[in-house]
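*Asks:* Contents of run-v4.cif (mmCIF, C-alpha atoms) are below:
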data_final
loop_
_atom_site.label_atom_id
_atom_site.label_comp_id
_atom_site.auth_asym_id
_atom_site.auth_seq_id
_atom_site.Cartn_x
_atom_site.Cartn_y
_atom_site.Cartn_z
CA MET A 1 0.00 0.00 0.00
CA ASP A 2 1.25 3.46 -0.87
CA CYS A 3 0.74 6.32 1.55
CA PRO A 4 0.15 9.42 -0.58
CA ASN A 5 -1.34 11.28 2.40
CA ALA A 6 1.70 10.85 4.63
CA ALA A 7 3.46 14.21 4.87
CA ALA A 8 7.23 13.84 4.55
CA SER A 9 7.74 16.16 7.52
CA ARG A 10 5.63 14.02 9.86
CA GLY A 11 6.12 10.53 8.53
CA ILE A 12 4.16 7.41 7.75
CA ILE A 13 3.60 6.87 11.49
CA SER A 14 2.87 9.96 13.56
CA VAL A 15 2.08 9.87 17.27
CA LYS A 16 1.45 13.04 19.23
CA GLY A 17 0.93 13.33 22.99
CA LEU A 18 -0.18 9.73 23.44
CA HIS A 19 -1.41 8.86 26.93
CA LYS A 20 -2.73 5.48 28.05
CA SER A 21 -3.64 4.27 31.54
CA TYR A 22 -5.09 1.09 32.97
CA GLY A 23 -7.09 2.13 35.98
CA GLY A 24 -4.77 4.29 38.02
CA ASN A 25 -1.63 2.97 36.31
CA ALA A 26 -0.28 5.40 33.69
CA VAL A 27 1.51 3.24 31.11
CA LEU A 28 2.14 5.80 28.34
CA LYS A 29 2.86 9.35 29.43
CA GLY A 30 2.82 11.63 26.42
CA ILE A 31 4.56 9.72 23.61
CA ASP A 32 5.64 11.70 20.54
CA LEU A 33 6.92 9.56 17.67
CA ASP A 34 7.39 9.94 13.91
CA VAL A 35 8.59 7.19 11.58
CA LYS A 36 9.46 8.05 7.98
CA GLU A 37 8.56 5.88 5.01
CA GLY A 38 11.19 3.17 4.54
CA GLU A 39 12.65 3.66 8.02
CA VAL A 40 13.36 0.75 10.38
CA VAL A 41 12.91 1.79 14.00
CA SER A 42 13.54 -0.55 16.93
CA VAL A 43 12.08 0.11 20.37
CA ILE A 44 13.91 -1.32 23.38
CA GLY A 45 13.41 -0.96 27.11
CA PRO A 46 12.79 -2.79 30.38
CA SER A 47 9.71 -4.69 31.40
CA GLY A 48 6.84 -2.35 32.13
CA SER A 49 8.21 0.51 30.03
CA GLY A 50 5.13 0.64 27.79
CA LYS A 51 6.60 -0.82 24.58
CA SER A 52 3.88 -3.35 23.84
CA THR A 53 1.14 -0.98 24.95
CA LEU A 54 2.48 1.51 22.40
CA ALA A 55 2.33 -1.17 19.70
CA ARG A 56 -1.25 -2.07 20.58
CA CYS A 57 -2.33 1.58 20.56
CA LEU A 58 -0.72 2.11 17.16
CA CYS A 59 -2.89 -0.56 15.57
CA ARG A 60 -5.91 0.37 17.71
CA LEU A 61 -6.07 -2.88 19.60
CA GLU A 62 -6.17 -0.60 22.63
CA GLY A 63 -8.03 2.65 22.95
CA ILE A 64 -6.08 5.73 23.99
CA ASP A 65 -6.86 8.27 26.69
CA SER A 66 -5.55 11.32 24.83
CA GLY A 67 -3.33 12.28 21.93
CA THR A 68 -3.44 11.26 18.28
CA VAL A 69 -2.19 8.36 16.17
CA SER A 70 -1.90 8.72 12.39
CA LEU A 71 -0.91 6.04 9.88
CA CYS A 72 -0.22 6.96 6.27
CA GLY A 73 -1.43 10.48 7.01
CA VAL A 74 -4.80 9.24 8.28
CA GLU A 75 -5.73 9.75 11.92
CA ILE A 76 -6.93 6.39 13.20
CA SER A 77 -7.24 7.27 16.88
CA SER A 78 -10.76 8.67 16.37
CA GLY A 79 -12.19 5.17 15.95
CA SER A 80 -13.80 5.92 12.59
CA HIS A 81 -11.73 3.34 10.69
CA GLY A 82 -12.56 -0.38 10.75
CA ASN A 83 -10.21 -3.30 11.22
CA GLY A 84 -10.00 -3.80 7.47
CA ASP A 85 -8.81 -0.22 7.01
CA ILE A 86 -6.13 -0.70 9.65
CA ALA A 87 -5.01 -4.01 8.10
CA ARG A 88 -4.44 -2.25 4.78
CA MET A 89 -2.09 0.20 6.48
CA VAL A 90 -0.19 -1.94 8.97
CA GLY A 91 0.71 -5.62 9.20
CA LEU A 92 0.85 -6.89 12.77
CA ILE A 93 3.20 -9.55 14.11
CA PHE A 94 3.01 -10.39 17.80
CA GLN A 95 4.58 -12.90 20.17
CA GLN A 96 1.86 -15.46 19.50
CA PHE A 97 1.33 -16.52 15.90
CA ASN A 98 -2.50 -16.62 15.97
CA LEU A 99 -2.77 -18.77 12.86
CA TYR A 100 -6.07 -20.53 12.21
CA PRO A 101 -5.30 -24.12 13.25
CA HIS A 102 -8.00 -25.85 11.20
CA ILE A 103 -6.95 -24.61 7.75
CA SER A 104 -3.79 -24.90 5.68
CA VAL A 105 -0.90 -22.47 5.60
CA ARG A 106 -1.99 -21.33 2.14
CA ASP A 107 -5.55 -20.69 3.31
CA ASN A 108 -4.29 -18.75 6.34
CA ILE A 109 -2.58 -16.39 3.90
CA THR A 110 -5.36 -16.07 1.32
CA LEU A 111 -8.29 -15.59 3.69
CA SER A 112 -7.98 -11.84 4.30
CA PRO A 113 -7.00 -10.83 0.75
CA VAL A 114 -10.12 -12.59 -0.57
CA ARG A 115 -12.49 -11.33 2.12
CA ILE A 116 -11.14 -7.82 2.69
CA LEU A 117 -9.30 -6.86 -0.50
CA GLY A 118 -11.70 -8.64 -2.83
CA MET A 119 -9.01 -10.68 -4.59
CA SER A 120 -10.04 -13.64 -6.69
CA ARG A 121 -9.10 -17.03 -5.32
CA GLY A 122 -6.59 -17.54 -8.11
CA GLU A 123 -4.89 -14.18 -7.53
CA ALA A 124 -4.74 -14.81 -3.79
CA ASN A 125 -3.20 -18.25 -4.31
CA GLU A 126 -0.53 -16.77 -6.58
CA LEU A 127 0.20 -14.13 -3.97
CA ALA A 128 0.42 -16.78 -1.24
CA SER A 129 2.88 -18.82 -3.29
CA SER A 130 5.04 -15.75 -3.85
CA LEU A 131 5.03 -14.80 -0.18
CA LEU A 132 5.74 -18.33 1.02
CA ALA A 133 8.76 -18.39 -1.26
CA ARG A 134 9.82 -15.05 0.17
CA VAL A 135 9.82 -16.41 3.73
CA GLY A 136 11.30 -19.79 2.77
CA MET A 137 8.14 -21.81 3.33
CA SER A 138 7.10 -22.93 -0.16
CA ASP A 139 7.15 -26.59 0.81
CA LYS A 140 4.67 -26.06 3.67
CA ALA A 141 1.75 -24.53 1.74
CA ASP A 142 -0.56 -27.46 2.43
CA ALA A 143 0.53 -28.10 6.01
CA ARG A 144 -1.54 -27.24 9.06
CA PRO A 145 -0.02 -24.84 11.63
CA ARG A 146 0.31 -27.63 14.22
CA GLN A 147 2.73 -29.40 11.87
CA LEU A 148 5.13 -26.44 11.93
CA SER A 149 7.79 -25.31 14.37
CA GLY A 150 7.36 -22.02 16.17
CA GLY A 151 9.79 -20.30 13.82
CA GLN A 152 7.95 -21.64 10.79
CA GLN A 153 4.61 -20.48 12.20
CA GLN A 154 6.00 -16.99 12.77
CA ARG A 155 7.28 -16.86 9.20
CA VAL A 156 3.81 -17.83 7.97
CA ALA A 157 2.36 -15.09 10.16
CA ILE A 158 4.68 -12.60 8.46
CA ALA A 159 3.59 -13.84 5.02
CA ARG A 160 -0.06 -13.54 6.08
CA ALA A 161 0.46 -9.94 7.17
CA LEU A 162 2.28 -9.09 3.93
CA ALA A 163 -0.61 -10.52 1.92
CA MET A 164 -2.64 -7.44 2.82
CA ARG A 165 0.06 -5.33 1.13
CA PRO A 166 0.48 -3.00 4.11
CA ALA A 167 2.64 0.11 4.04
CA ILE A 168 3.96 -0.60 7.56
CA MET A 169 5.01 -3.73 9.40
CA LEU A 170 4.70 -3.62 13.18
CA PHE A 171 6.50 -6.31 15.17
CA ASP A 172 5.92 -6.74 18.91
CA GLU A 173 8.55 -9.06 20.39
CA PRO A 174 8.21 -11.47 17.42
CA THR A 175 10.87 -13.89 18.68
CA SER A 176 10.20 -13.93 22.42
CA ALA A 177 8.02 -17.06 22.29
CA LEU A 178 10.52 -19.02 20.19
CA ASP A 179 13.14 -21.53 21.21
CA PRO A 180 16.58 -19.90 20.89
CA GLU A 181 17.59 -22.03 17.90
CA LEU A 182 14.54 -20.80 15.93
CA VAL A 183 15.06 -17.08 16.48
CA GLY A 184 17.55 -16.63 13.65
CA GLU A 185 15.21 -17.80 10.89
CA VAL A 186 12.63 -15.18 11.83
CA LEU A 187 15.21 -12.40 12.20
CA ASP A 188 16.57 -13.29 8.75
CA VAL A 189 13.14 -12.72 7.20
CA MET A 190 12.78 -9.43 9.06
CA GLU A 191 16.19 -8.29 7.85
CA GLN A 192 15.20 -9.13 4.27
CA LEU A 193 12.08 -7.01 4.69
CA ALA A 194 14.17 -4.13 5.98
CA ASP A 195 16.52 -4.47 3.00
CA SER A 196 13.52 -4.29 0.66
CA GLY A 197 12.60 -0.83 1.96
CA MET A 198 9.63 -1.82 4.13
CA THR A 199 8.74 0.65 6.87
CA MET A 200 9.13 -1.26 10.13
CA LEU A 201 8.56 -0.53 13.81
CA VAL A 202 10.05 -3.35 15.88
CA ILE A 203 9.51 -3.81 19.62
CA THR A 204 12.36 -6.12 20.44
CA HIS A 205 14.75 -7.55 22.98
CA GLU A 206 17.09 -8.74 20.21
CA MET A 207 19.90 -6.24 20.64
CA SER A 208 21.84 -7.54 17.62
CA PHE A 209 18.88 -6.83 15.34
CA ALA A 210 18.35 -3.38 16.83
CA LYS A 211 22.04 -2.58 16.42
CA ASP A 212 22.67 -4.04 12.96
CA VAL A 213 19.40 -3.50 11.07
CA SER A 214 17.71 -0.41 12.52
CA ASP A 215 18.01 3.11 11.18
CA ARG A 216 17.06 4.41 14.62
CA VAL A 217 16.73 2.90 18.10
CA ILE A 218 14.32 4.22 20.73
CA PHE A 219 14.85 3.51 24.41
CA MET A 220 11.65 3.63 26.48
CA ASP A 221 11.32 3.54 30.25
CA ASP A 222 8.40 4.23 32.59
CA GLY A 223 6.03 5.23 29.79
CA VAL A 224 8.23 7.80 28.08
CA ILE A 225 10.83 7.90 25.32
CA VAL A 226 14.07 8.49 27.20
CA GLU A 227 16.42 8.61 24.24
CA GLN A 228 16.54 7.90 20.52
CA SER A 229 19.34 7.98 17.98
CA PRO A 230 21.02 5.91 15.25
CA PRO A 231 22.16 2.58 16.72
CA ALA A 232 25.87 3.37 16.33
CA ILE A 233 25.40 6.31 18.67
CA LEU A 234 22.88 4.87 21.12
CA PHE A 235 24.81 1.65 21.74
CA SER A 236 28.28 3.20 21.87
CA ASN A 237 27.60 6.59 23.46
CA PRO A 238 24.15 6.85 25.09
CA GLN A 239 23.45 10.33 26.40
CA ARG A 240 21.13 9.50 29.30
CA ALA A 241 22.18 7.76 32.50
CA ARG A 242 19.11 5.48 32.44
CA THR A 243 19.97 4.30 28.91
CA ARG A 244 23.55 3.58 29.94
CA GLN A 245 22.35 1.63 32.98
CA PHE A 246 20.01 -0.47 30.87
CA LEU A 247 22.57 -1.25 28.19
CA GLN A 248 25.30 -2.07 30.70
CA ARG A 249 23.15 -4.95 31.93
CA LEU A 250 22.72 -6.32 28.41
CA LEU A 251 25.84 -5.76 26.38
CA PRO A 252 28.91 -8.02 26.63
CA ARG A 253 31.64 -7.15 29.10
CA PRO A 254 35.15 -6.42 27.81
CA ASP A 255 36.22 -9.85 29.09
CA GLY A 256 33.72 -11.48 26.75
CA GLY A 257 31.11 -12.28 29.38
CA SER A 258 27.57 -10.99 29.56
CA ARG A 259 26.03 -9.02 32.38
CA THR A 260 22.61 -10.59 31.94
CA ARG A 261 20.68 -12.72 29.51
CA THR A 262 19.17 -10.56 26.79
CA GLY A 263 15.53 -11.28 27.49
CA ASP A 264 15.53 -11.29 31.29
CA ASP A 265 15.07 -7.58 31.82
CA ILE A 266 13.05 -6.48 28.83
CA ASP A 267 9.99 -8.61 28.21
CA GLY A 268 6.54 -7.39 29.15
CA LEU A 269 4.66 -4.16 28.46
#
In structure tokens, how does this file's structure come out?

*Replies:*
Amino acid sequence: MDCPNAAASRGIISVKGLHKSYGGNAVLKGIDLDVKEGEVVSVIGPSGSGKSTLARCLCRLEGIDSGTVSLCGVEISSGSHGNGDIARMVGLIFQQFNLYPHISVRDNITLSPVRILGMSRGEANELASSLLARVGMSDKADARPRQLSGGQQQRVAIARALAMRPAIMLFDEPTSALDPELVGEVLDVMEQLADSGMTMLVITHEMSFAKDVSDRVIFMDDGVIVEQSPPAILFSNPQRARTRQFLQRLLPRPDGGSRTRTGDDIDGL
């Protein structure tokens, strides 16, 4: 999907003054965020920082208390756009794969293009074949999700999201539910998407991906954006003490050891 309404000065994703609370717990405290078309932005931070809540507000899975969210130049925070409209703008990949277990991989991919985009069955099948090849899953088109590994299911989920031809891909901890040996195959697909010019916002605890693939890294803590910069700067010379403290617990020590396991401190909200 093209985004002709997205002003270059504001970006394909534009968030202004976003607040979100659950009861008396303020989770997002005035988030301002712009992502340009073709940009890959990774969001890192500790558990409870508001990362996943931000992702859910961006695709309107959660309502917001105040502020605005615009995708492709269209404000979607008003609630006037349906799920089909959102799906055309942003493809969503979460920790859980949420594939339909009773139908084939191919049918998981073709369902929404036929029902929402109005594609013919033949066109949708051709698209599914192309996308399965893109994610290295051509030989699993007729399999059921239960016959696949977690990494394979996540790759199918990515293909399913791409079938709606979204302008934006939004990933919320896409590898956190995977066994360690399966993480790489999903990150490889994500890196290929980034190389293709796809606009991507990635909530992640994979520091290597954030460092090597992102154009910009955002560090969130306690519901606010503490710091953001290109990865070469943020990882080597963070400007805020809280960012330095967080990274010191994650990055390797000079002696080759590690201060903590990557995912221990940064799963959650």

*Asks:* Using only C-alpha atoms, which of A:Arg155, A:Lys29, A:Lys16, A:Arg115 sits nearest Leu99 in chain A?

*Replies:*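 Of the candidates, the smallest distance to Leu99 in chain A is held by A:Arg155.
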
*Asks:* Evaluate the PyMOL selection byres ((chain A and resi 27) around 6) against this structure - the residues, as a VMD selection string, please.

*Replies:* chain A and resid 20 to 21 26 28 50 223

*Asks:* With the PyMOL selection byres ((chain A and resi 19) around 12) as the selection, what would be picked from this file? Answer as a PyMOL selection string, please.

*Replies:* chain A and resi 15-18+20-22+25-32+50+53-54+57-58+62-69+77+223-224

*Asks:* Given the point (0.2, -6.3, 12.0) in the coordinates of this file, which residues lie within 12 Å, counting all atoms listed in the file, and how would they look as a VMD selection string?

*Replies:* chain A and resid 55 to 61 83 to 98 157 to 172 174 200 to 202

*Asks:* Nearest to Arg216 in chain A among A:Gln192, A:Asn108, A:Pro231, A:Thr204, with distances taken over all atoms listed in the file: which residue is it?

*Replies:*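 Checking each candidate against Arg216 in chain A, we get A:Pro231 as the closest.
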
*Asks:* By how many Å are CA of Asp215 in chain A and CA of Ile76 in chain A apart?

*Replies:*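 Interatomic distance, CA of Asp215 in chain A to CA of Ile76 in chain A: 25.2 Å.
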
*Asks:* Selected by the PyMOL selection byres ((chain A and resi 238) around 12) in the shown coordinates: which residues, as a ChimeraX atom specification?

*Replies:* /A:217-219,226-237,239-248

*Asks:* Output the selection as a PDB file, in the coordinates of the input - C-alpha atoms for each residue.

*Replies:*
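Listing of out11.pdb after writing:
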ATOM      1  CA  VAL A 217      16.730   2.900  18.100  1.00  0.00           C
ATOM      2  CA  ILE A 218      14.320   4.220  20.730  1.00  0.00           C
ATOM      3  CA  PHE A 219      14.850   3.510  24.410  1.00  0.00           C
ATOM      4  CA  VAL A 226      14.070   8.490  27.200  1.00  0.00           C
ATOM      5  CA  GLU A 227      16.420   8.610  24.240  1.00  0.00           C
ATOM      6  CA  GLN A 228      16.540   7.900  20.520  1.00  0.00           C
ATOM      7  CA  SER A 229      19.340   7.980  17.980  1.00  0.00           C
ATOM      8  CA  PRO A 230      21.020   5.910  15.250  1.00  0.00           C
ATOM      9  CA  PRO A 231      22.160   2.580  16.720  1.00  0.00           C
ATOM     10  CA  ALA A 232      25.870   3.370  16.330  1.00  0.00           C
ATOM     11  CA  ILE A 233      25.400   6.310  18.670  1.00  0.00           C
ATOM     12  CA  LEU A 234      22.880   4.870  21.120  1.00  0.00           C
ATOM     13  CA  PHE A 235      24.810   1.650  21.740  1.00  0.00           C
ATOM     14  CA  SER A 236      28.280   3.200  21.870  1.00  0.00           C
ATOM     15  CA  ASN A 237      27.600   6.590  23.460  1.00  0.00           C
ATOM     16  CA  GLN A 239      23.450  10.330  26.400  1.00  0.00           C
ATOM     17  CA  ARG A 240      21.130   9.500  29.300  1.00  0.00           C
ATOM     18  CA  ALA A 241      22.180   7.760  32.500  1.00  0.00           C
ATOM     19  CA  ARG A 242      19.110   5.480  32.440  1.00  0.00           C
ATOM     20  CA  THR A 243      19.970   4.300  28.910  1.00  0.00           C
ATOM     21  CA  ARG A 244      23.550   3.580  29.940  1.00  0.00           C
ATOM     22  CA  GLN A 245      22.350   1.630  32.980  1.00  0.00           C
ATOM     23  CA  PHE A 246      20.010  -0.470  30.870  1.00  0.00           C
ATOM     24  CA  LEU A 247      22.570  -1.250  28.190  1.00  0.00           C
ATOM     25  CA  GLN A 248      25.300  -2.070  30.700  1.00  0.00           C
TER      26      GLN A 248
END

*Asks:* What is the distance between CA of Ser42 in chain A and CA of Ser112 in chain A, in Å to one decimal?

*Replies:* 27.4 Å

*Asks:* Just to confirm, what's the straight-line distance from CA of Asp142 in chain A to CA of Ser120 in chain A in Å (one decimal)?

*Replies:* 19.1 Å

*Asks:* Please determine the residues with any atom at most 8 Å from (2.9, 8.1, 13.6) (coordinates as given in the file, with all atoms listed in the file counting) and report them as a PDB file with C-alpha atoms, in the coordinates of the input.

*Replies:*
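point.pdb, freshly written:
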ATOM      1  CA  ARG A  10       5.630  14.020   9.860  1.00  0.00           C
ATOM      2  CA  GLY A  11       6.120  10.530   8.530  1.00  0.00           C
ATOM      3  CA  ILE A  12       4.160   7.410   7.750  1.00  0.00           C
ATOM      4  CA  ILE A  13       3.600   6.870  11.490  1.00  0.00           C
ATOM      5  CA  SER A  14       2.870   9.960  13.560  1.00  0.00           C
ATOM      6  CA  VAL A  15       2.080   9.870  17.270  1.00  0.00           C
ATOM      7  CA  LYS A  16       1.450  13.040  19.230  1.00  0.00           C
ATOM      8  CA  LEU A  33       6.920   9.560  17.670  1.00  0.00           C
ATOM      9  CA  ASP A  34       7.390   9.940  13.910  1.00  0.00           C
ATOM     10  CA  VAL A  35       8.590   7.190  11.580  1.00  0.00           C
ATOM     11  CA  LEU A  58      -0.720   2.110  17.160  1.00  0.00           C
ATOM     12  CA  VAL A  69      -2.190   8.360  16.170  1.00  0.00           C
ATOM     13  CA  SER A  70      -1.900   8.720  12.390  1.00  0.00           C
ATOM     14  CA  LEU A  71      -0.910   6.040   9.880  1.00  0.00           C
TER      15      LEU A  71
END

*Asks:* Place all heavy atoms on range 138-149 of chain A and deliver the coordinates as a short mmCIF file (atom, residue, chain, number, x, y, z; two decimals), keeping the file's coordinate frame.

*Replies:*
data_model
loop_
_atom_site.label_atom_id
_atom_site.label_comp_id
_atom_site.auth_asym_id
_atom_site.auth_seq_id
_atom_site.Cartn_x
_atom_site.Cartn_y
_atom_site.Cartn_z
N SER A 138 7.85 -22.43 0.99
CA SER A 138 7.10 -22.93 -0.16
C SER A 138 6.66 -24.38 0.01
O SER A 138 5.59 -24.78 -0.47
CB SER A 138 7.94 -22.80 -1.44
OG SER A 138 8.15 -21.46 -1.77
N ASP A 139 7.46 -25.17 0.68
CA ASP A 139 7.15 -26.59 0.81
C ASP A 139 6.12 -26.88 1.89
O ASP A 139 5.73 -28.04 2.10
CB ASP A 139 8.42 -27.39 1.10
CG ASP A 139 9.11 -26.95 2.39
OD1 ASP A 139 8.93 -25.78 2.79
OD2 ASP A 139 9.82 -27.78 3.00
N LYS A 140 5.63 -25.86 2.59
CA LYS A 140 4.67 -26.06 3.67
C LYS A 140 3.30 -25.48 3.35
O LYS A 140 2.46 -25.35 4.26
CB LYS A 140 5.20 -25.41 4.96
CG LYS A 140 6.54 -25.95 5.44
CD LYS A 140 6.45 -27.41 5.82
CE LYS A 140 7.78 -27.90 6.39
NZ LYS A 140 7.72 -29.34 6.78
N ALA A 141 3.00 -25.19 2.09
CA ALA A 141 1.75 -24.53 1.74
C ALA A 141 0.53 -25.32 2.16
O ALA A 141 -0.50 -24.74 2.54
CB ALA A 141 1.71 -24.27 0.23
N ASP A 142 0.61 -26.64 2.11
CA ASP A 142 -0.56 -27.46 2.43
C ASP A 142 -0.55 -28.01 3.85
O ASP A 142 -1.45 -28.76 4.24
CB ASP A 142 -0.64 -28.63 1.43
CG ASP A 142 -0.84 -28.14 0.00
OD1 ASP A 142 -1.65 -27.20 -0.19
OD2 ASP A 142 -0.18 -28.68 -0.91
N ALA A 143 0.45 -27.63 4.63
CA ALA A 143 0.53 -28.10 6.01
C ALA A 143 -0.45 -27.33 6.90
O ALA A 143 -0.92 -26.24 6.55
CB ALA A 143 1.95 -27.92 6.53
N ARG A 144 -0.78 -27.93 8.03
CA ARG A 144 -1.54 -27.24 9.06
C ARG A 144 -0.56 -26.60 10.05
O ARG A 144 0.55 -27.10 10.23
CB ARG A 144 -2.47 -28.21 9.81
CG ARG A 144 -3.56 -28.83 8.96
CD ARG A 144 -4.59 -27.79 8.54
NE ARG A 144 -5.79 -28.40 7.99
CZ ARG A 144 -5.98 -28.67 6.70
NH1 ARG A 144 -5.02 -28.38 5.83
NH2 ARG A 144 -7.10 -29.21 6.28
N PRO A 145 -0.94 -25.51 10.70
CA PRO A 145 -0.02 -24.84 11.63
C PRO A 145 0.57 -25.77 12.68
O PRO A 145 1.73 -25.60 13.06
CB PRO A 145 -0.91 -23.76 12.25
CG PRO A 145 -1.86 -23.40 11.15
CD PRO A 145 -2.17 -24.72 10.48
N ARG A 146 -0.20 -26.75 13.17
CA ARG A 146 0.31 -27.63 14.22
C ARG A 146 1.47 -28.50 13.74
O ARG A 146 2.20 -29.08 14.56
CB ARG A 146 -0.81 -28.52 14.75
CG ARG A 146 -1.35 -29.52 13.74
CD ARG A 146 -2.41 -30.42 14.36
NE ARG A 146 -2.97 -31.37 13.41
CZ ARG A 146 -3.97 -31.11 12.58
NH1 ARG A 146 -4.54 -29.91 12.62
NH2 ARG A 146 -4.41 -32.02 11.73
N GLN A 147 1.64 -28.60 12.43
CA GLN A 147 2.73 -29.40 11.87
C GLN A 147 4.02 -28.59 11.72
O GLN A 147 5.03 -29.12 11.28
CB GLN A 147 2.31 -29.95 10.50
CG GLN A 147 1.10 -30.88 10.57
CD GLN A 147 0.60 -31.27 9.18
OE1 GLN A 147 0.16 -30.42 8.40
NE2 GLN A 147 0.70 -32.55 8.88
N LEU A 148 3.99 -27.33 12.12
CA LEU A 148 5.13 -26.44 11.93
C LEU A 148 5.81 -26.12 13.26
O LEU A 148 5.18 -26.14 14.31
CB LEU A 148 4.67 -25.13 11.29
CG LEU A 148 3.87 -25.21 9.99
CD1 LEU A 148 3.49 -23.82 9.53
CD2 LEU A 148 4.66 -25.95 8.91
N SER A 149 7.08 -25.81 13.19
CA SER A 149 7.79 -25.31 14.37
C SER A 149 7.34 -23.88 14.66
O SER A 149 6.68 -23.23 13.83
CB SER A 149 9.29 -25.33 14.12
OG SER A 149 9.64 -24.34 13.15
#
